[in-house]
Structures are given as C-alpha cells and as structure tokens.
file entry29.cif (mmCIF, C-alpha atoms and all ligand atoms)
data_query
#
loop_
_atom_site.group_PDB
_atom_site.id
_atom_site.type_symbol
_atom_site.label_atom_id
_atom_site.label_comp_id
_atom_site.auth_asym_id
_atom_site.auth_seq_id
_atom_site.Cartn_x
_atom_site.Cartn_y
_atom_site.Cartn_z
ATOM 1 C CA MET A 1 104.767 121.927 11.892
ATOM 2 C CA ARG A 2 105.440 119.486 14.731
ATOM 3 C CA ARG A 3 102.994 119.535 17.622
ATOM 4 C CA VAL A 4 104.666 119.854 20.986
ATOM 5 C CA MET A 5 104.213 116.861 23.282
ATOM 6 C CA VAL A 6 104.672 116.403 26.998
ATOM 7 C CA ALA A 7 104.452 112.806 28.178
ATOM 8 C CA GLY A 8 104.544 111.619 31.780
ATOM 9 C CA ASN A 9 106.272 108.306 32.439
ATOM 10 C CA TRP A 10 104.993 107.309 35.852
ATOM 11 C CA LYS A 11 107.318 104.267 35.923
ATOM 12 C CA MET A 12 106.637 101.831 38.796
ATOM 13 C CA ASN A 13 105.094 104.436 41.105
ATOM 14 C CA LEU A 14 101.749 105.242 42.756
ATOM 15 C CA ASP A 15 98.877 103.004 43.768
ATOM 16 C CA ARG A 16 95.416 102.710 42.290
ATOM 17 C CA SER A 17 93.848 105.668 44.062
ATOM 18 C CA ALA A 18 96.898 107.917 43.633
ATOM 19 C CA ALA A 19 97.035 107.049 39.920
ATOM 20 C CA ALA A 20 93.359 107.896 39.520
ATOM 21 C CA ALA A 21 93.742 111.157 41.433
ATOM 22 C CA LEU A 22 96.748 112.224 39.370
ATOM 23 C CA ALA A 23 95.035 111.355 36.079
ATOM 24 C CA GLN A 24 91.869 113.145 37.115
ATOM 25 C CA GLY A 25 93.787 116.192 38.285
ATOM 26 C CA ILE A 26 95.627 116.452 34.968
ATOM 27 C CA ALA A 27 92.479 115.837 32.919
ATOM 28 C CA ASP A 28 90.506 118.481 34.829
ATOM 29 C CA ARG A 29 93.083 121.165 34.068
ATOM 30 C CA ALA A 30 94.382 119.999 30.693
ATOM 31 C CA GLY A 31 92.322 122.648 28.911
ATOM 32 C CA GLU A 32 94.486 125.374 30.505
ATOM 33 C CA VAL A 33 97.531 124.113 28.666
ATOM 34 C CA GLY A 34 96.415 124.860 25.123
ATOM 35 C CA ASP A 35 98.129 123.518 22.065
ATOM 36 C CA VAL A 36 100.294 120.775 23.563
ATOM 37 C CA ASP A 37 99.730 117.020 23.286
ATOM 38 C CA LEU A 38 99.560 115.586 26.793
ATOM 39 C CA VAL A 39 100.185 111.895 27.439
ATOM 40 C CA VAL A 40 100.197 109.936 30.700
ATOM 41 C CA CYS A 41 101.850 106.522 30.925
ATOM 42 C CA PRO A 42 100.783 104.736 34.111
ATOM 43 C CA PRO A 43 101.855 101.252 35.210
ATOM 44 C CA SER A 44 99.999 98.698 33.111
ATOM 45 C CA VAL A 45 97.698 97.504 35.918
ATOM 46 C CA TYR A 46 96.321 101.026 36.186
ATOM 47 C CA LEU A 47 95.863 101.722 32.463
ATOM 48 C CA ASP A 48 92.203 100.801 32.487
ATOM 49 C CA GLY A 49 91.361 102.908 35.536
ATOM 50 C CA VAL A 50 93.336 105.888 34.261
ATOM 51 C CA ALA A 51 91.613 105.570 30.878
ATOM 52 C CA ARG A 52 88.287 106.148 32.623
ATOM 53 C CA CYS A 53 89.609 109.200 34.488
ATOM 54 C CA ILE A 54 90.873 110.938 31.338
ATOM 55 C CA GLU A 55 87.986 109.973 29.069
ATOM 56 C CA GLY A 56 86.614 112.988 27.198
ATOM 57 C CA SER A 57 89.672 115.126 28.043
ATOM 58 C CA LYS A 58 92.557 116.005 25.747
ATOM 59 C CA VAL A 59 94.914 113.759 27.733
ATOM 60 C CA ALA A 60 95.999 110.631 25.861
ATOM 61 C CA LEU A 61 96.941 107.297 27.375
ATOM 62 C CA GLY A 62 100.302 105.615 26.874
ATOM 63 C CA ALA A 63 101.827 102.348 28.044
ATOM 64 C CA GLN A 64 105.359 101.940 29.368
ATOM 65 C CA ASN A 65 106.088 98.717 27.519
ATOM 66 C CA VAL A 66 104.575 96.050 25.270
ATOM 67 C CA TYR A 67 105.388 92.609 23.887
ATOM 68 C CA HIS A 68 105.751 92.195 20.138
ATOM 69 C CA GLU A 69 103.641 89.036 19.677
ATOM 70 C CA PRO A 70 99.898 89.508 19.108
ATOM 71 C CA ASP A 71 98.754 86.866 21.638
ATOM 72 C CA GLY A 72 99.603 83.439 23.020
ATOM 73 C CA ALA A 73 101.683 81.731 25.672
ATOM 74 C CA PHE A 74 103.825 84.653 26.856
ATOM 75 C CA THR A 75 103.264 84.693 30.599
ATOM 76 C CA GLY A 76 103.358 88.155 32.095
ATOM 77 C CA GLU A 77 103.422 90.009 28.786
ATOM 78 C CA ILE A 78 100.918 92.448 27.285
ATOM 79 C CA SER A 79 100.080 92.805 23.577
ATOM 80 C CA THR A 80 99.371 95.838 21.447
ATOM 81 C CA ARG A 81 95.811 94.585 21.021
ATOM 82 C CA MET A 82 95.289 94.724 24.788
ATOM 83 C CA LEU A 83 96.709 98.231 24.896
ATOM 84 C CA VAL A 84 94.360 99.338 22.115
ATOM 85 C CA ASP A 85 91.496 97.654 23.964
ATOM 86 C CA VAL A 86 92.024 99.780 27.084
ATOM 87 C CA GLY A 87 92.371 102.996 25.083
ATOM 88 C CA CYS A 88 96.120 103.485 24.672
ATOM 89 C CA ARG A 89 97.415 105.624 21.843
ATOM 90 C CA TYR A 90 101.116 105.653 22.688
ATOM 91 C CA VAL A 91 103.675 103.114 23.887
ATOM 92 C CA ILE A 92 107.095 103.904 25.334
ATOM 93 C CA VAL A 93 109.539 101.471 23.746
ATOM 94 C CA GLY A 94 113.157 100.821 24.727
ATOM 95 C CA HIS A 95 113.309 102.997 27.815
ATOM 96 C CA SER A 96 116.834 102.939 29.235
ATOM 97 C CA GLU A 97 115.570 101.212 32.391
ATOM 98 C CA ARG A 98 114.298 98.383 30.206
ATOM 99 C CA ARG A 99 117.505 98.338 28.174
ATOM 100 C CA HIS A 100 119.908 98.471 31.109
ATOM 101 C CA ILE A 101 118.022 96.823 33.985
ATOM 102 C CA LEU A 102 115.893 94.331 32.053
ATOM 103 C CA GLY A 103 118.298 93.592 29.219
ATOM 104 C CA GLU A 104 116.307 94.773 26.197
ATOM 105 C CA THR A 105 118.365 94.927 23.032
ATOM 106 C CA ASP A 106 117.977 97.082 19.947
ATOM 107 C CA GLU A 107 116.477 93.994 18.253
ATOM 108 C CA ASP A 108 113.811 93.720 20.973
ATOM 109 C CA VAL A 109 113.081 97.428 20.661
ATOM 110 C CA ASN A 110 112.854 97.071 16.895
ATOM 111 C CA ARG A 111 110.339 94.189 17.096
ATOM 112 C CA LYS A 112 108.241 96.152 19.562
ATOM 113 C CA THR A 113 108.341 99.303 17.428
ATOM 114 C CA HIS A 114 107.099 97.370 14.396
ATOM 115 C CA ALA A 115 104.307 95.769 16.452
ATOM 116 C CA VAL A 116 103.220 99.100 17.905
ATOM 117 C CA LEU A 117 103.032 100.789 14.500
ATOM 118 C CA ALA A 118 101.194 97.806 13.008
ATOM 119 C CA ALA A 119 98.538 98.273 15.705
ATOM 120 C CA ASP A 120 98.123 101.958 14.779
ATOM 121 C CA LEU A 121 99.634 103.037 18.061
ATOM 122 C CA THR A 122 102.431 105.604 18.262
ATOM 123 C CA PRO A 123 105.742 104.378 19.656
ATOM 124 C CA ILE A 124 107.886 106.684 21.753
ATOM 125 C CA VAL A 125 111.256 105.101 21.020
ATOM 126 C CA CYS A 126 113.901 105.933 23.621
ATOM 127 C CA VAL A 127 117.617 106.284 22.985
ATOM 128 C CA GLY A 128 120.421 107.657 25.115
ATOM 129 C CA GLU A 129 124.006 107.162 26.172
ATOM 130 C CA LEU A 130 125.482 106.130 29.525
ATOM 131 C CA LEU A 131 127.750 108.552 31.394
ATOM 132 C CA SER A 132 130.763 106.345 30.604
ATOM 133 C CA GLU A 133 129.883 106.473 26.900
ATOM 134 C CA ARG A 134 129.558 110.273 26.977
ATOM 135 C CA GLU A 135 132.875 110.604 28.812
ATOM 136 C CA ALA A 136 134.523 108.359 26.230
ATOM 137 C CA GLY A 137 133.260 110.619 23.429
ATOM 138 C CA GLN A 138 130.940 107.903 22.110
ATOM 139 C CA THR A 139 127.592 109.703 22.400
ATOM 140 C CA ALA A 140 127.029 110.181 18.671
ATOM 141 C CA ALA A 141 128.055 106.599 17.864
ATOM 142 C CA VAL A 142 125.805 105.124 20.572
ATOM 143 C CA ILE A 143 122.815 107.155 19.417
ATOM 144 C CA ARG A 144 123.444 106.156 15.805
ATOM 145 C CA ARG A 145 123.684 102.471 16.725
ATOM 146 C CA GLN A 146 120.474 102.624 18.800
ATOM 147 C CA VAL A 147 118.575 104.502 16.092
ATOM 148 C CA GLU A 148 119.731 102.189 13.318
ATOM 149 C CA GLY A 149 118.950 99.078 15.371
ATOM 150 C CA SER A 150 115.690 100.213 16.928
ATOM 151 C CA LEU A 151 114.210 101.651 13.739
ATOM 152 C CA ALA A 152 115.479 99.053 11.246
ATOM 153 C CA GLY A 153 113.056 98.171 8.485
ATOM 154 C CA LEU A 154 110.633 101.056 9.017
ATOM 155 C CA SER A 155 109.362 103.099 6.094
ATOM 156 C CA ALA A 156 109.822 106.843 5.762
ATOM 157 C CA ASP A 157 106.089 107.273 6.452
ATOM 158 C CA GLN A 158 106.435 105.338 9.699
ATOM 159 C CA ILE A 159 109.393 107.491 10.707
ATOM 160 C CA ALA A 160 107.227 110.568 10.295
ATOM 161 C CA GLU A 161 104.602 109.028 12.596
ATOM 162 C CA LEU A 162 106.730 107.927 15.472
ATOM 163 C CA VAL A 163 108.168 109.841 18.395
ATOM 164 C CA VAL A 164 111.808 109.533 19.449
ATOM 165 C CA ALA A 165 112.882 110.383 22.989
ATOM 166 C CA TYR A 166 116.485 111.288 23.701
ATOM 167 C CA GLU A 167 117.126 110.408 27.317
ATOM 168 C CA PRO A 168 120.773 110.560 28.393
ATOM 169 C CA VAL A 169 120.954 107.815 31.024
ATOM 170 C CA TRP A 170 123.102 109.936 33.338
ATOM 171 C CA ALA A 171 120.354 112.571 33.482
ATOM 172 C CA ILE A 172 117.499 110.217 34.410
ATOM 173 C CA GLY A 173 116.340 110.552 37.983
ATOM 174 C CA THR A 174 119.629 112.182 38.967
ATOM 175 C CA GLY A 175 118.704 115.856 38.892
ATOM 176 C CA LYS A 176 121.593 116.267 36.406
ATOM 177 C CA VAL A 177 119.799 117.685 33.419
ATOM 178 C CA ALA A 178 121.590 117.970 30.083
ATOM 179 C CA THR A 179 122.327 121.574 29.230
ATOM 180 C CA PRO A 180 120.264 122.975 26.361
ATOM 181 C CA ALA A 181 123.469 122.887 24.263
ATOM 182 C CA GLN A 182 124.179 119.226 25.102
ATOM 183 C CA ALA A 183 120.597 118.184 24.402
ATOM 184 C CA SER A 184 120.399 120.287 21.272
ATOM 185 C CA GLU A 185 123.542 118.771 19.813
ATOM 186 C CA VAL A 186 122.068 115.266 20.038
ATOM 187 C CA HIS A 187 118.606 116.337 18.846
ATOM 188 C CA ASP A 188 120.148 118.083 15.821
ATOM 189 C CA ASP A 189 122.206 114.954 15.070
ATOM 190 C CA LEU A 190 119.146 112.745 15.454
ATOM 191 C CA ARG A 191 117.164 114.732 12.924
ATOM 192 C CA LYS A 192 120.114 114.774 10.540
ATOM 193 C CA LEU A 193 120.523 111.028 10.897
ATOM 194 C CA LEU A 194 116.834 110.417 10.163
ATOM 195 C CA GLY A 195 117.087 112.736 7.162
ATOM 196 C CA GLU A 196 120.053 110.790 5.769
ATOM 197 C CA ARG A 197 118.438 107.392 6.308
ATOM 198 C CA TYR A 198 114.922 108.319 5.150
ATOM 199 C CA ASN A 199 114.165 111.749 3.731
ATOM 200 C CA ALA A 200 114.027 115.351 4.876
ATOM 201 C CA THR A 201 110.224 115.507 4.899
ATOM 202 C CA SER A 202 109.805 112.490 7.156
ATOM 203 C CA ALA A 203 112.696 113.497 9.390
ATOM 204 C CA GLY A 204 111.165 116.956 9.655
ATOM 205 C CA ALA A 205 107.906 115.465 10.900
ATOM 206 C CA THR A 206 109.328 113.139 13.581
ATOM 207 C CA ARG A 207 108.845 114.498 17.046
ATOM 208 C CA ILE A 208 111.969 114.267 19.193
ATOM 209 C CA LEU A 209 111.413 114.624 22.936
ATOM 210 C CA TYR A 210 114.045 115.236 25.580
ATOM 211 C CA GLY A 211 113.924 113.283 28.852
ATOM 212 C CA GLY A 212 116.106 113.328 31.950
ATOM 213 C CA SER A 213 115.405 115.443 35.053
ATOM 214 C CA VAL A 214 112.998 117.779 33.234
ATOM 215 C CA LYS A 215 111.402 120.064 35.847
ATOM 216 C CA PRO A 216 109.246 123.196 35.677
ATOM 217 C CA ASP A 217 112.306 125.402 36.168
ATOM 218 C CA ASN A 218 114.432 123.935 33.356
ATOM 219 C CA ALA A 219 111.752 122.978 30.827
ATOM 220 C CA ALA A 220 111.471 126.326 29.063
ATOM 221 C CA GLU A 221 115.123 126.623 28.030
ATOM 222 C CA LEU A 222 115.284 123.008 26.860
ATOM 223 C CA LEU A 223 112.049 123.251 24.914
ATOM 224 C CA ALA A 224 113.117 126.512 23.298
ATOM 225 C CA GLN A 225 115.689 124.565 21.240
ATOM 226 C CA PRO A 226 114.518 124.172 17.652
ATOM 227 C CA ASN A 227 114.823 120.382 17.489
ATOM 228 C CA ILE A 228 113.395 119.660 20.945
ATOM 229 C CA ASP A 229 109.702 119.006 20.366
ATOM 230 C CA GLY A 230 108.634 118.189 23.879
ATOM 231 C CA ALA A 231 109.546 116.285 27.008
ATOM 232 C CA LEU A 232 109.329 112.789 28.433
ATOM 233 C CA VAL A 233 109.044 113.423 32.141
ATOM 234 C CA GLY A 234 109.596 110.990 35.001
ATOM 235 C CA GLY A 235 109.626 112.303 38.583
ATOM 236 C CA ALA A 236 107.993 115.656 37.828
ATOM 237 C CA SER A 237 105.083 113.921 36.080
ATOM 238 C CA LEU A 238 103.890 112.467 39.397
ATOM 239 C CA LYS A 239 102.383 115.763 40.557
ATOM 240 C CA VAL A 240 99.619 117.615 38.724
ATOM 241 C CA GLU A 241 101.227 121.017 39.336
ATOM 242 C CA SER A 242 104.699 120.184 38.080
ATOM 243 C CA PHE A 243 103.477 118.197 35.076
ATOM 244 C CA LEU A 244 101.177 121.012 33.966
ATOM 245 C CA ALA A 245 103.868 123.623 34.620
ATOM 246 C CA ILE A 246 106.170 121.758 32.227
ATOM 247 C CA ALA A 247 103.346 121.578 29.704
ATOM 248 C CA ALA A 248 102.789 125.317 30.054
ATOM 249 C CA ALA A 249 106.506 125.924 29.446
ATOM 250 C CA ALA A 250 106.280 123.707 26.380
ATOM 251 C CA ARG A 251 103.375 125.683 24.977
ATOM 252 C CA GLU A 252 105.380 128.882 25.171
ATOM 253 C CA SER A 253 108.434 127.367 23.497
HETATM 254 P P1 LIG A 301 113.198 111.776 35.358
HETATM 255 O O1 LIG A 301 112.392 112.915 34.794
HETATM 256 O O2 LIG A 301 112.709 111.305 36.694
HETATM 257 O O3 LIG A 301 114.662 112.050 35.295
HETATM 258 O O4 LIG A 301 112.944 110.515 34.380
HETATM 259 C C1 LIG A 301 113.095 110.682 33.011
HETATM 260 C C2 LIG A 301 112.601 109.483 32.319
HETATM 261 O O5 LIG A 301 113.206 108.421 32.408
HETATM 262 C C3 LIG A 301 111.353 109.577 31.568
HETATM 263 O O6 LIG A 301 111.133 108.455 30.798
#

call {"tool": "encode", "arguments": {"input": "entry29.cif", "output": "structure tokens", "more": "lines below"}}
Ligand code: 13P
result
Amino acid sequence: MRRVMVAGNWKMNLDRSAAAALAQGIADRAGEVGDVDLVVCPPSVYLDGVARCIEGSKVALGAQNVYHEPDGAFTGEISTRMLVDVGCRYVIVGHSERRHILGETDEDVNRKTHAVLAADLTPIVCVGELLSEREAGQTAAVIRRQVEGSLAGLSADQIAELVVAYEPVWAIGTGKVATPAQASEVHDDLRKLLGERYNATSAGATRILYGGSVKPDNAAELLAQPNIDGALVGGASLKVESFLAIAAAARES
C-alpha cells in the first residue's frame, strides 16, 4: 500500500521569518491531517531554520535541488551530505524550472538521483511535457525519454524507494490544472513503464505525485485517481490553510 504524500515546493519565495511562520503553522496543525506524509521544501538558505520549526512534528524536510558531487570546489552548490546534516529527508530533482530555465538535462537529473539515493535521502524526480509537446501528441514519448534518462542505472529496489512527480509544464503556476483524466493517463503510463523496465512489485511501490496548479478545490478529484499518490504543490503550499486543505483532501482519497 502506497502512503499518500503531499509536498510543498516553496520555490524562490518567502523570507526568513515568513518561512519560519509557515513551517511552524504547518507543524502545529499537521496532526489534524492523519495518515498523509507531509513534506516542506523551502529555499536552501532557510532549510536549517525550517528544520528547527518542524522538529518533533510529522512534517519532513525536503530540498529543492542538490549537486551530485560529495564535496569540493563547486562554488554555489550544495551536497547531499549537507542536506542530511540539516535534517533533509527528501530532495526534489529535475524540476521543470531547473530543466527549462537552468538547463538541467536528463543526465544531470540522473547523476543527482543516484547521489540522493546513495545518501539515503528520497528523491522526488520530476517529469513533464511542455504545452507544445502535448499539442504535438508527444506526451508519452517525452515522459518515456525523461524517465529512461533520469532513472538510468537504478535498481528495482531503488525504484520502489523513490518518488516520481508528474508535472505538466503547461499546468505549473498557470492555474491550468490537468483534468483528472489527463493526469491519470500519464500516471497509468508511468506505472506501466516502470513495471516493464523493472518489475511489477517495485513499480507498484513507487509513489507518483501530480503537480501543476493543485489547489484545495481540485485536489480531491485528482487524488481520487488510482495511480495518483499525492501532490507536489507550488503556489498553494505557501499558505498553511491551503496546504493543509490539500493534505486533508489527500487523506480522504
Ligand atoms: P504550482 O502549484 O504553483 O502550479 O507549482 C507546481 C510545481 O511546480 C510544484 O513543484
């Protein structure tokens, strides 16, 4: 049985006091949500402060990015060891903003995914097509290429451990959410693809989140789909109320 997960990707938002207040607000009320894994992913400069706010609660800490090397002369980068040191348990890898704005390739995402798993952290590996790719009927091919490239060389056991997030790029920050049918089609394909490449048991254990304009009023119908195991939330994760409302919808799914 896959545990439902709701993760908040705060992206490059908030300041130190707002990040602490949001983390504290979520931690204080996380008990109300019940059997859902809650994760917050603040900007890296606020990881340490947020870790202190959520300590002792059921909220887990995630990073938005990582570098694949363990240490050394990599100015501006952050290693898995540093993320472990400040209490992270999850790392978002290959977010579309990193792929499309910052030029990350499937090879980069693959190196990061290996590094994250080697550090006993859980990667949340993001995939998703552009609007032009969807309109050209290439969604399935794009997802397959990203999955094959990003997850190359992983074992079936590692596949069972990691989290995949399907985030159609055209739905991110646009208010244009994928319909449950559109999301479901890709989630079903993703699980089938993992089953073909690894095995049914591992593919059945991988959690596949949906991301892209998830809000309290559309979360329930998305999360009711059998292969949607949770949500990766951007804008609506920046307020305690909306984040917890999505988590409550997830619990009931
Ligand atoms: P929005 O929820 O703001 O569309 O962002 C989704 C996302 O990119 C989460 O990683």

call {"tool": "closest_atom_pairs", "arguments": {"input": "entry29.cif", "of": "chain A", "to": "ligand LIG 301 (chain A)", "cutoff": "7 Å", "atoms": "all atoms listed in the file", "output": "CSV"}}
result
residue,atom,partner,partner_atom,distance
A:Asn9,CA,A:LIG301,O6,5.1
A:His95,CA,A:LIG301,O6,6.6
A:Glu167,CA,A:LIG301,O5,6.7
A:Ala171,CA,A:LIG301,O3,6.0
A:Ile172,CA,A:LIG301,O3,3.5
A:Gly173,CA,A:LIG301,O3,3.5
A:Thr174,CA,A:LIG301,O3,6.2
A:Gly175,CA,A:LIG301,O3,6.6
A:Gly211,CA,A:LIG301,C1,5.0
A:Gly212,CA,A:LIG301,O3,3.9
A:Ser213,CA,A:LIG301,O3,3.5
A:Val214,CA,A:LIG301,O1,5.1
A:Leu232,CA,A:LIG301,C3,4.9
A:Val233,CA,A:LIG301,O1,4.3
A:Gly234,CA,A:LIG301,O1,3.4
A:Gly235,CA,A:LIG301,O2,3.8
A:Ala236,CA,A:LIG301,O1,6.0

call {"tool": "write_last_selection", "arguments": {"input": "entry29.cif", "atoms": "C-alpha atoms", "output": "PDB file, keeping the file's coordinate frame"}}
result
ATOM      1  CA  ASN A   9     106.272 108.306  32.439  1.00  0.00           C
ATOM      2  CA  HIS A  95     113.309 102.997  27.815  1.00  0.00           C
ATOM      3  CA  GLU A 167     117.126 110.408  27.317  1.00  0.00           C
ATOM      4  CA  ALA A 171     120.354 112.571  33.482  1.00  0.00           C
ATOM      5  CA  ILE A 172     117.499 110.217  34.410  1.00  0.00           C
ATOM      6  CA  GLY A 173     116.340 110.552  37.983  1.00  0.00           C
ATOM      7  CA  THR A 174     119.629 112.182  38.967  1.00  0.00           C
ATOM      8  CA  GLY A 175     118.704 115.856  38.892  1.00  0.00           C
ATOM      9  CA  GLY A 211     113.924 113.283  28.852  1.00  0.00           C
ATOM     10  CA  GLY A 212     116.106 113.328  31.950  1.00  0.00           C
ATOM     11  CA  SER A 213     115.405 115.443  35.053  1.00  0.00           C
ATOM     12  CA  VAL A 214     112.998 117.779  33.234  1.00  0.00           C
ATOM     13  CA  LEU A 232     109.329 112.789  28.433  1.00  0.00           C
ATOM     14  CA  VAL A 233     109.044 113.423  32.141  1.00  0.00           C
ATOM     15  CA  GLY A 234     109.596 110.990  35.001  1.00  0.00           C
ATOM     16  CA  GLY A 235     109.626 112.303  38.583  1.00  0.00           C
ATOM     17  CA  ALA A 236     107.993 115.656  37.828  1.00  0.00           C
TER      18      ALA A 236
END

call {"tool": "atom_distance", "arguments": {"input": "entry29.cif", "atom1": "atom CA of Ala249 of chain A", "atom2": "atom CA of Cys126 of chain A"}}
result
22.1 Å

call {"tool": "residues_around", "arguments": {"input": "entry29.cif", "residues": "Pro42 of chain A", "least_positions_apart": "5", "cutoff": "7 Å", "atoms": "all atoms listed in the file", "output": "PyMOL selection string"}}
result
chain A and resi 9-11+47+63

call {"tool": "resolve_selection", "arguments": {"input": "entry29.cif", "expression": "the PyMOL selection byres (((chain A and resi 180) around 10) and not hetatm)", "output": "PyMOL selection string"}}
result
chain A and resi 177-179+181-185+210+218-225+228

call {"tool": "atom_distance", "arguments": {"input": "entry29.cif", "atom1": "atom CA of Pro123 of chain A", "atom2": "atom CA of Val93 of chain A"}}
result
6.3 Å

call {"tool": "atom_distance", "arguments": {"input": "entry29.cif", "atom1": "atom CA of Glu129 of chain A", "atom2": "atom CA of Asp229 of chain A"}}
result
19.5 Å

call {"tool": "closest_residue", "arguments": {"input": "entry29.cif", "among": "A:Val109, A:Ala136, A:Ala250, A:Val91", "to": "Val6 of chain A", "atoms": "all atoms listed in the file"}}
result
A:Ala250

call {"tool": "closest_residue", "arguments": {"input": "entry29.cif", "among": "A:Gly149, A:Thr201, A:Asn227, A:Leu130", "to": "Asp188 of chain A", "atoms": "all atoms listed in the file"}}
result
A:Asn227

call {"tool": "residues_around", "arguments": {"input": "entry29.cif", "residues": "Leu193 of chain A", "least_positions_apart": "6", "cutoff": "9 Å", "atoms": "all atoms listed in the file", "output": "list in words"}}
result
Arg144, Val147 and Ala203 of chain A

call {"tool": "axis_aligned_box", "arguments": {"input": "entry29.cif", "around": "segment 146-156 of chain A", "padding_each_side": "5 Å", "output": "JSON"}}
result
{"center_x": 114.9, "center_y": 102.5, "center_z": 12.3, "size_x": 21.1, "size_y": 18.7, "size_z": 23.0}

call {"tool": "decode", "arguments": {"input": "entry29.cif", "residues": "segment 99-168 of chain A", "atoms": "C-alpha atoms", "output": "PDB file, in the first residue's frame"}}
result
ATOM      1  CA  ARG A  99      15.298  21.716 -16.680  1.00  0.00           C
ATOM      2  CA  HIS A 100      13.901  24.566 -18.763  1.00  0.00           C
ATOM      3  CA  ILE A 101      15.247  27.728 -17.109  1.00  0.00           C
ATOM      4  CA  LEU A 102      18.563  26.429 -15.771  1.00  0.00           C
ATOM      5  CA  GLY A 103      19.328  23.895 -18.483  1.00  0.00           C
ATOM      6  CA  GLU A 104      19.406  20.649 -16.498  1.00  0.00           C
ATOM      7  CA  THR A 105      19.492  17.571 -18.689  1.00  0.00           C
ATOM      8  CA  ASP A 106      18.276  14.050 -18.035  1.00  0.00           C
ATOM      9  CA  GLU A 107      21.944  13.136 -17.428  1.00  0.00           C
ATOM     10  CA  ASP A 108      22.223  15.801 -14.709  1.00  0.00           C
ATOM     11  CA  VAL A 109      18.985  14.586 -13.155  1.00  0.00           C
ATOM     12  CA  ASN A 110      20.251  11.017 -13.295  1.00  0.00           C
ATOM     13  CA  ARG A 111      23.534  11.877 -11.518  1.00  0.00           C
ATOM     14  CA  LYS A 112      21.627  13.760  -8.843  1.00  0.00           C
ATOM     15  CA  THR A 113      19.132  10.925  -8.358  1.00  0.00           C
ATOM     16  CA  HIS A 114      21.960   8.437  -7.830  1.00  0.00           C
ATOM     17  CA  ALA A 115      23.674  10.779  -5.347  1.00  0.00           C
ATOM     18  CA  VAL A 116      20.467  11.362  -3.406  1.00  0.00           C
ATOM     19  CA  LEU A 117      19.714   7.647  -3.078  1.00  0.00           C
ATOM     20  CA  ALA A 118      23.319   6.899  -2.105  1.00  0.00           C
ATOM     21  CA  ALA A 119      22.904   9.361   0.778  1.00  0.00           C
ATOM     22  CA  ASP A 120      19.753   7.561   1.975  1.00  0.00           C
ATOM     23  CA  LEU A 121      17.604  10.504   1.004  1.00  0.00           C
ATOM     24  CA  THR A 122      14.456  10.115  -1.092  1.00  0.00           C
ATOM     25  CA  PRO A 123      14.475  11.813  -4.486  1.00  0.00           C
ATOM     26  CA  ILE A 124      11.291  13.318  -5.871  1.00  0.00           C
ATOM     27  CA  VAL A 125      12.126  13.041  -9.562  1.00  0.00           C
ATOM     28  CA  CYS A 126      10.090  15.400 -11.741  1.00  0.00           C
ATOM     29  CA  VAL A 127       8.997  14.752 -15.307  1.00  0.00           C
ATOM     30  CA  GLY A 128       6.523  16.525 -17.548  1.00  0.00           C
ATOM     31  CA  GLU A 129       5.864  17.723 -21.061  1.00  0.00           C
ATOM     32  CA  LEU A 130       5.695  21.247 -22.488  1.00  0.00           C
ATOM     33  CA  LEU A 131       2.425  22.504 -23.983  1.00  0.00           C
ATOM     34  CA  SER A 132       3.948  22.319 -27.478  1.00  0.00           C
ATOM     35  CA  GLU A 133       4.903  18.683 -26.866  1.00  0.00           C
ATOM     36  CA  ARG A 134       1.389  17.828 -25.656  1.00  0.00           C
ATOM     37  CA  GLU A 135      -0.162  19.576 -28.659  1.00  0.00           C
ATOM     38  CA  ALA A 136       2.147  17.642 -30.972  1.00  0.00           C
ATOM     39  CA  GLY A 137       0.980  14.357 -29.424  1.00  0.00           C
ATOM     40  CA  GLN A 138       4.412  13.705 -27.907  1.00  0.00           C
ATOM     41  CA  THR A 139       3.470  13.499 -24.220  1.00  0.00           C
ATOM     42  CA  ALA A 140       4.026   9.758 -23.835  1.00  0.00           C
ATOM     43  CA  ALA A 141       7.333   9.862 -25.728  1.00  0.00           C
ATOM     44  CA  VAL A 142       8.644  12.813 -23.694  1.00  0.00           C
ATOM     45  CA  ILE A 143       7.732  11.156 -20.404  1.00  0.00           C
ATOM     46  CA  ARG A 144       9.359   7.906 -21.513  1.00  0.00           C
ATOM     47  CA  ARG A 145      12.554   9.697 -22.541  1.00  0.00           C
ATOM     48  CA  GLN A 146      12.714  11.625 -19.242  1.00  0.00           C
ATOM     49  CA  VAL A 147      12.042   8.515 -17.159  1.00  0.00           C
ATOM     50  CA  GLU A 148      14.580   6.404 -19.025  1.00  0.00           C
ATOM     51  CA  GLY A 149      17.223   9.140 -18.846  1.00  0.00           C
ATOM     52  CA  SER A 150      16.591  10.327 -15.306  1.00  0.00           C
ATOM     53  CA  LEU A 151      16.342   6.862 -13.769  1.00  0.00           C
ATOM     54  CA  ALA A 152      19.056   5.095 -15.790  1.00  0.00           C
ATOM     55  CA  GLY A 153      21.121   2.597 -13.851  1.00  0.00           C
ATOM     56  CA  LEU A 154      18.876   2.375 -10.787  1.00  0.00           C
ATOM     57  CA  SER A 155      17.943  -0.975  -9.290  1.00  0.00           C
ATOM     58  CA  ALA A 156      14.383  -2.202  -8.884  1.00  0.00           C
ATOM     59  CA  ASP A 157      14.733  -1.691  -5.114  1.00  0.00           C
ATOM     60  CA  GLN A 158      15.715   1.934  -5.664  1.00  0.00           C
ATOM     61  CA  ILE A 159      12.730   2.431  -7.953  1.00  0.00           C
ATOM     62  CA  ALA A 160      10.460   1.251  -5.163  1.00  0.00           C
ATOM     63  CA  GLU A 161      12.018   3.819  -2.810  1.00  0.00           C
ATOM     64  CA  LEU A 162      11.864   6.907  -4.920  1.00  0.00           C
ATOM     65  CA  VAL A 163       9.031   9.297  -5.651  1.00  0.00           C
ATOM     66  CA  VAL A 164       8.184  10.447  -9.174  1.00  0.00           C
ATOM     67  CA  ALA A 165       6.298  13.689  -9.757  1.00  0.00           C
ATOM     68  CA  TYR A 166       4.398  14.213 -12.986  1.00  0.00           C
ATOM     69  CA  GLU A 167       4.229  17.943 -13.548  1.00  0.00           C
ATOM     70  CA  PRO A 168       2.942  19.003 -16.968  1.00  0.00           C
TER      71      PRO A 168
END
